[in-house]
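**Student:** Questions regarding the structure given below will be posed in turn.
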Amino acid sequence: MTVYEGYKPVIGLEVHAQLTTDSKMFCGCKVSYGASPNSRTCPVCLGLPGALPILNKKAVEYALRMILAVGGEVALHSVFTRKNYFYPDLPKGYQISQYSQPVGRGGEIKYSLENGRTKNCRLNRIHLEEDAGKSLHPSSKERYTRLDFNRCGVPLIEIVSEPDLKSPEDAYSYLNKLKQILQCLEICSADMEKGHLRCDANVSVLPKGKKKLGVRTEVKNLNSFKGVKRALKYEIARQIKILRAGGTVKPVTLWWDENRRAARLMRTKETSEDYRYFPEPDLWPLAIDMPWLDSIRRSLKELPDHKYNRLVKQYKIRPYDARILAADRLLADYFENVIACYNNSRDVVNWITTEILGILDETNESITEFKISPAMLAELLKSIDDGIISGRTARQVFREMAATGNSAARIITSRGLRQITDKKVLLKEVDKVITANPKQVEKYRSGKTALLDFFIGEVMKSTQGRANPELVSDLLIQLLKK
Amino acid sequence: MPISKEQVKHIAGLAHLKLTSREVSRYTKELALILDYFDQLKVVDTEGVEPEKERVGEALILREDKVGSSLTQTSALANASGGNGEYFSVPRVIDK
């Protein structure tokens with residue numbers, strides 16, 4: 001890697017994923033975003049004296065799905081631990097987490113780089129823990145930090161990778177794959193910008209040829225995919241600069257500031273963490289029984305890699321298209337739902353990858369918000385096949401469907417877009433075009449038959465694209481022969 | 001079991017407590033006494049005894065993912081000082 005001339009970056013990521021359970025991890029408070037501040041709290045998640053945690057079964061199930069999906073090892077006994085620290089967003093003064101006996105160990109994530117190359121990142125562990133509250137940091141005038149505890153106690157899994165990632169691009173692609181898997185398993189919405197997925201990175205650089213890992217720093221607050229790439233580039237460059245100048249990298253924790261595109265010192269490791277972990281006395285160790293684990297294994301959703309292989313095989317679509325669909329479970333579902341009503345996979349995939357993704361990109365909507373249902377798209381495609389509209393008109397109808405949510409049939413009727421297939425009407429149009437273009441007719445008759453497209457184009461123009469092109473073509477050939 | 005003044009200062013730091021040097025001396029003595037008291041547990045020989053994972057009828061109980069009731073915003077904030085009716089408020093935290 002020439003970019004880092006003589007140095008090899010070594011990156012490990014710690015990713016926190018918010019699980020999409022209905023209720024919190026240790027109490028029945030509803031998990032909801034955008035509720036008024038502190039309206040989803042109770043004695044348990046506010047850390048009031050005497051309140052006791054009761055673990056949410058679904059949170060455990062979701063963690064198990066992830067561990068199984070990445071080929072990790074499920075611990076049949078795991079232990080919850082108190083991680084003690086004082087920060088205002090943590091009302092109990094400790095976070096219930098897992099430390100020396102996490103529920104999942106090992107596993108790996110296969111990811112593809114933009115050039116198509118496939119790489120592997122081993123996982124160290126996956127464990128369950130609870131989220132903290134949200135602090136609103138005041139403007140410089142205010143004396144207070146405001147706290148909202150609605151998020152406090154929301155279940156998280158932390159996915160800790162081994163330091164197998166060798167570049168910011170690796171980290172970016174790894175995260176993308178992680179997101180796809182989480183979405184596919186329906187355990188996390190995985191929207192980084194909304195904080196469902198949060199990432200800390202451990203970064204060090206290794207002079208080429210050396211084996212011993214360099215001193216690593218931790219970069220926190222990476223809250224967008226692009227931010228991860230930028231922050232890692234920044235930190236790698238910073239470390240290389242220090243080493244080149246003959247200095248040593250200090251083991252510090254940095255806070256990434258996306259607005260300033262720079263990291264600032266959060267704490268030095270000397271004054272660092274002393275979390276005084278100890279087994280959570282309010283919870284027995286978590287025991288997982290085999291029948292439960294087996295039933296979760298059996299009900300696992302199809303993972304992106306499997307989906308990719310199946311889509312290529314079953315629908316004979318191009319690998320490039322299959323990759324797009326497999327990366328987004330909802331889009332793949334949409335595709336298969338259209339196919340159920342209209343069995344021409346290549347047409348459907350083309351419409352999805354060009355027209356639909358184009359519109360979604362413009363409107364910044366997700367496929368679930370898209371106004372054209374799979375059945376509606378199937379109806380539109382059928383009306384092309386049935387000769388009711390031309391492919392060109394179909395694109396116009398499609399745009400209107402996407403904007404209004406009206407059906408193809410309704411738009412075709414109300415706008416009078418139905419294709420003209422009446423021979424008498426078409427004959428008139430063809431006649432007009434032939435009469436109006438004597439020179440071209442001459443040339444055509446003297447052998448320049450490529451001019452046929454010109455005549456078809458003229459007829460299409462005069463009928464606002466509504467003429468059936470095949471019929472027009474047949475009629476023109478007949479009449480021009482004379 | 002003795003405890004050093006440095007350890008006492010460290011623990012105080014973790015708890016965000018500022019101690020005067022007199023307090024440090026005092027707590028160094030008092031904490032040593034407390035640690036001595038707990039040291040009595042070392043009399044028990046736990047060699048080869050596995051930590052207790054579960055006991056009949058006392059395994060970790062899991063709850064179904066059902067939404068229950070929460071406190072209202074008003075009652076959640078009822079005992080909070082310096083609040084503005086929506087948020088808990090604490091002295092300004094800058095370092096994060």
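We label chains A, B, ... in the order they appear in the structure tokens, count residues from 1 in each chain, and number ligands from 1 in the order shown.
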Mind running range 182-262 of chain A against range 68-92 of chain A at 12 Å and telling me each contacting residue's nearest atom pair with the distance in Å (one decimal), counting only C-alpha atoms, chain and number ascending, as a Markdown table?
**Tutor:**
```
| residue | atom | partner | partner_atom | distance |
| --- | --- | --- | --- | --- |
| A:Leu182 | CA | A:Ala69 | CA | 9.3 |
| A:Gln183 | CA | A:Ala69 | CA | 11.9 |
| A:Cys184 | CA | A:Ala69 | CA | 10.0 |
| A:Leu185 | CA | A:Ala69 | CA | 8.2 |
| A:Glu186 | CA | A:Ala69 | CA | 11.9 |
| A:Ile187 | CA | A:Ala69 | CA | 11.7 |
```
**Student:** At a cut-off of 9 Å, using only C-alpha atoms, what residues contact Val433 in chain A? Leave out same-chain residues fewer than 3 positions from it and give the result as a list in words.
**Tutor:**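 Here the qualifying residues turn out to be Lys428, Glu429, Val430, Ala436, Asn437, Phe455, Glu458, Val459 and Ser462 of chain A.
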**Student:** Can I get the selected residues back with N, CA and C atoms, as a CSV table (one decimal), in the first residue's frame?
**Tutor:**
```
chain,number,residue,atom,x,y,z
A,428,LYS,N,-53.0,6.8,-41.5
A,428,LYS,CA,-53.2,8.2,-41.8
A,428,LYS,C,-51.9,9.0,-41.4
A,429,GLU,N,-51.4,8.6,-40.2
A,429,GLU,CA,-50.1,9.3,-39.7
A,429,GLU,C,-49.0,8.9,-40.6
A,430,VAL,N,-48.9,7.7,-41.0
A,430,VAL,CA,-47.8,7.2,-41.9
A,430,VAL,C,-47.8,7.9,-43.2
A,436,ALA,N,-44.9,14.4,-46.5
A,436,ALA,CA,-44.1,15.5,-46.0
A,436,ALA,C,-42.6,15.4,-46.3
A,437,ASN,N,-42.1,14.2,-46.6
A,437,ASN,CA,-40.7,14.0,-46.7
A,437,ASN,C,-40.3,13.3,-48.0
A,455,PHE,N,-38.3,7.6,-40.3
A,455,PHE,CA,-39.8,7.7,-40.5
A,455,PHE,C,-40.5,7.3,-39.3
A,458,GLU,N,-40.5,10.1,-36.9
A,458,GLU,CA,-41.5,11.2,-37.3
A,458,GLU,C,-42.9,10.8,-36.9
A,459,VAL,N,-43.3,9.5,-37.1
A,459,VAL,CA,-44.6,9.1,-36.7
A,459,VAL,C,-44.8,9.2,-35.2
A,462,SER,N,-45.3,12.7,-34.2
A,462,SER,CA,-46.6,13.3,-34.5
A,462,SER,C,-47.7,12.6,-33.7
```
**Student:** Distance limit 8 Å, atoms considered: only C-alpha atoms. Which chain A residues sit that close to chain B? Return them as a VMD selection string.
**Tutor:** chain A and resid 21 to 23 27 to 30 36 to 42 54 to 58 77 85 to 86 88 137 to 138 142 to 148 255 266 274 283 to 287
**Student:** Which one of A:Ile296, A:Leu417, A:Ala132, A:Ala35 sits closest to Ser383 in chain A if you count only C-alpha atoms?
**Tutor:** A:Leu417
**Student:** CA of Tyr111 in chain A and CA of Trp351 in chain A are how many Å apart?
**Tutor:** 26.8 Å
**Student:** What does the distance between CA of Asn150 in chain A and CA of Glu61 in chain A come to in Å, to one decimal place?
**Tutor:**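 Between CA of Asn150 in chain A and CA of Glu61 in chain A the gap is 22.5 Å.
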**Student:** Within range 79-200 of chain A, find each residue whose DSSP state, derived from the backbone, is strand (DSSP E or B), and express the selection as a ChimeraX atom specification.
**Tutor:** /A:80-84,94-98,104-105,108-112,118-130,134-136,144-148,155-161,165,197-200
**Student:** Quick one: residues within 10 Å of Glu193 in chain A, only C-alpha atoms, excluding same-chain residues fewer than 3 positions away - as number ranges by chain?
**Tutor:** A: 190, 196-198, 222-225
**Student:** Enumerate, as a PyMOL selection string, the complete set of residues in chain B that a backbone-based DSSP assignment places in alpha helix (DSSP H).
**Tutor:** chain B and resi 5-14+21-39+73-76
**Student:** May I ask which of the residues A:Glu130, A:Asp305, A:Glu158, A:Glu280 is the closest one to Val103 in chain A, counting only C-alpha atoms?
**Tutor:**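 Closest residue, counting only C-alpha atoms: A:Glu158.
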**Student:** Hey, which of B:Ser81, B:Tyr27, B:Phe38, B:Arg22 ends up closest to Ser4 in chain B? Count only C-alpha atoms.
**Tutor:** B:Tyr27
**Student:** What lies within 10 Å of Leu479 in chain A using only C-alpha atoms, ignoring chain neighbours under 4 positions off, as a list of chain:residue names?
**Tutor:**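 Skipping anything fewer than 4 positions along the chain leaves A:Leu427, A:Val430, A:Asp431, A:Ile434, A:Asp474, A:Leu475.
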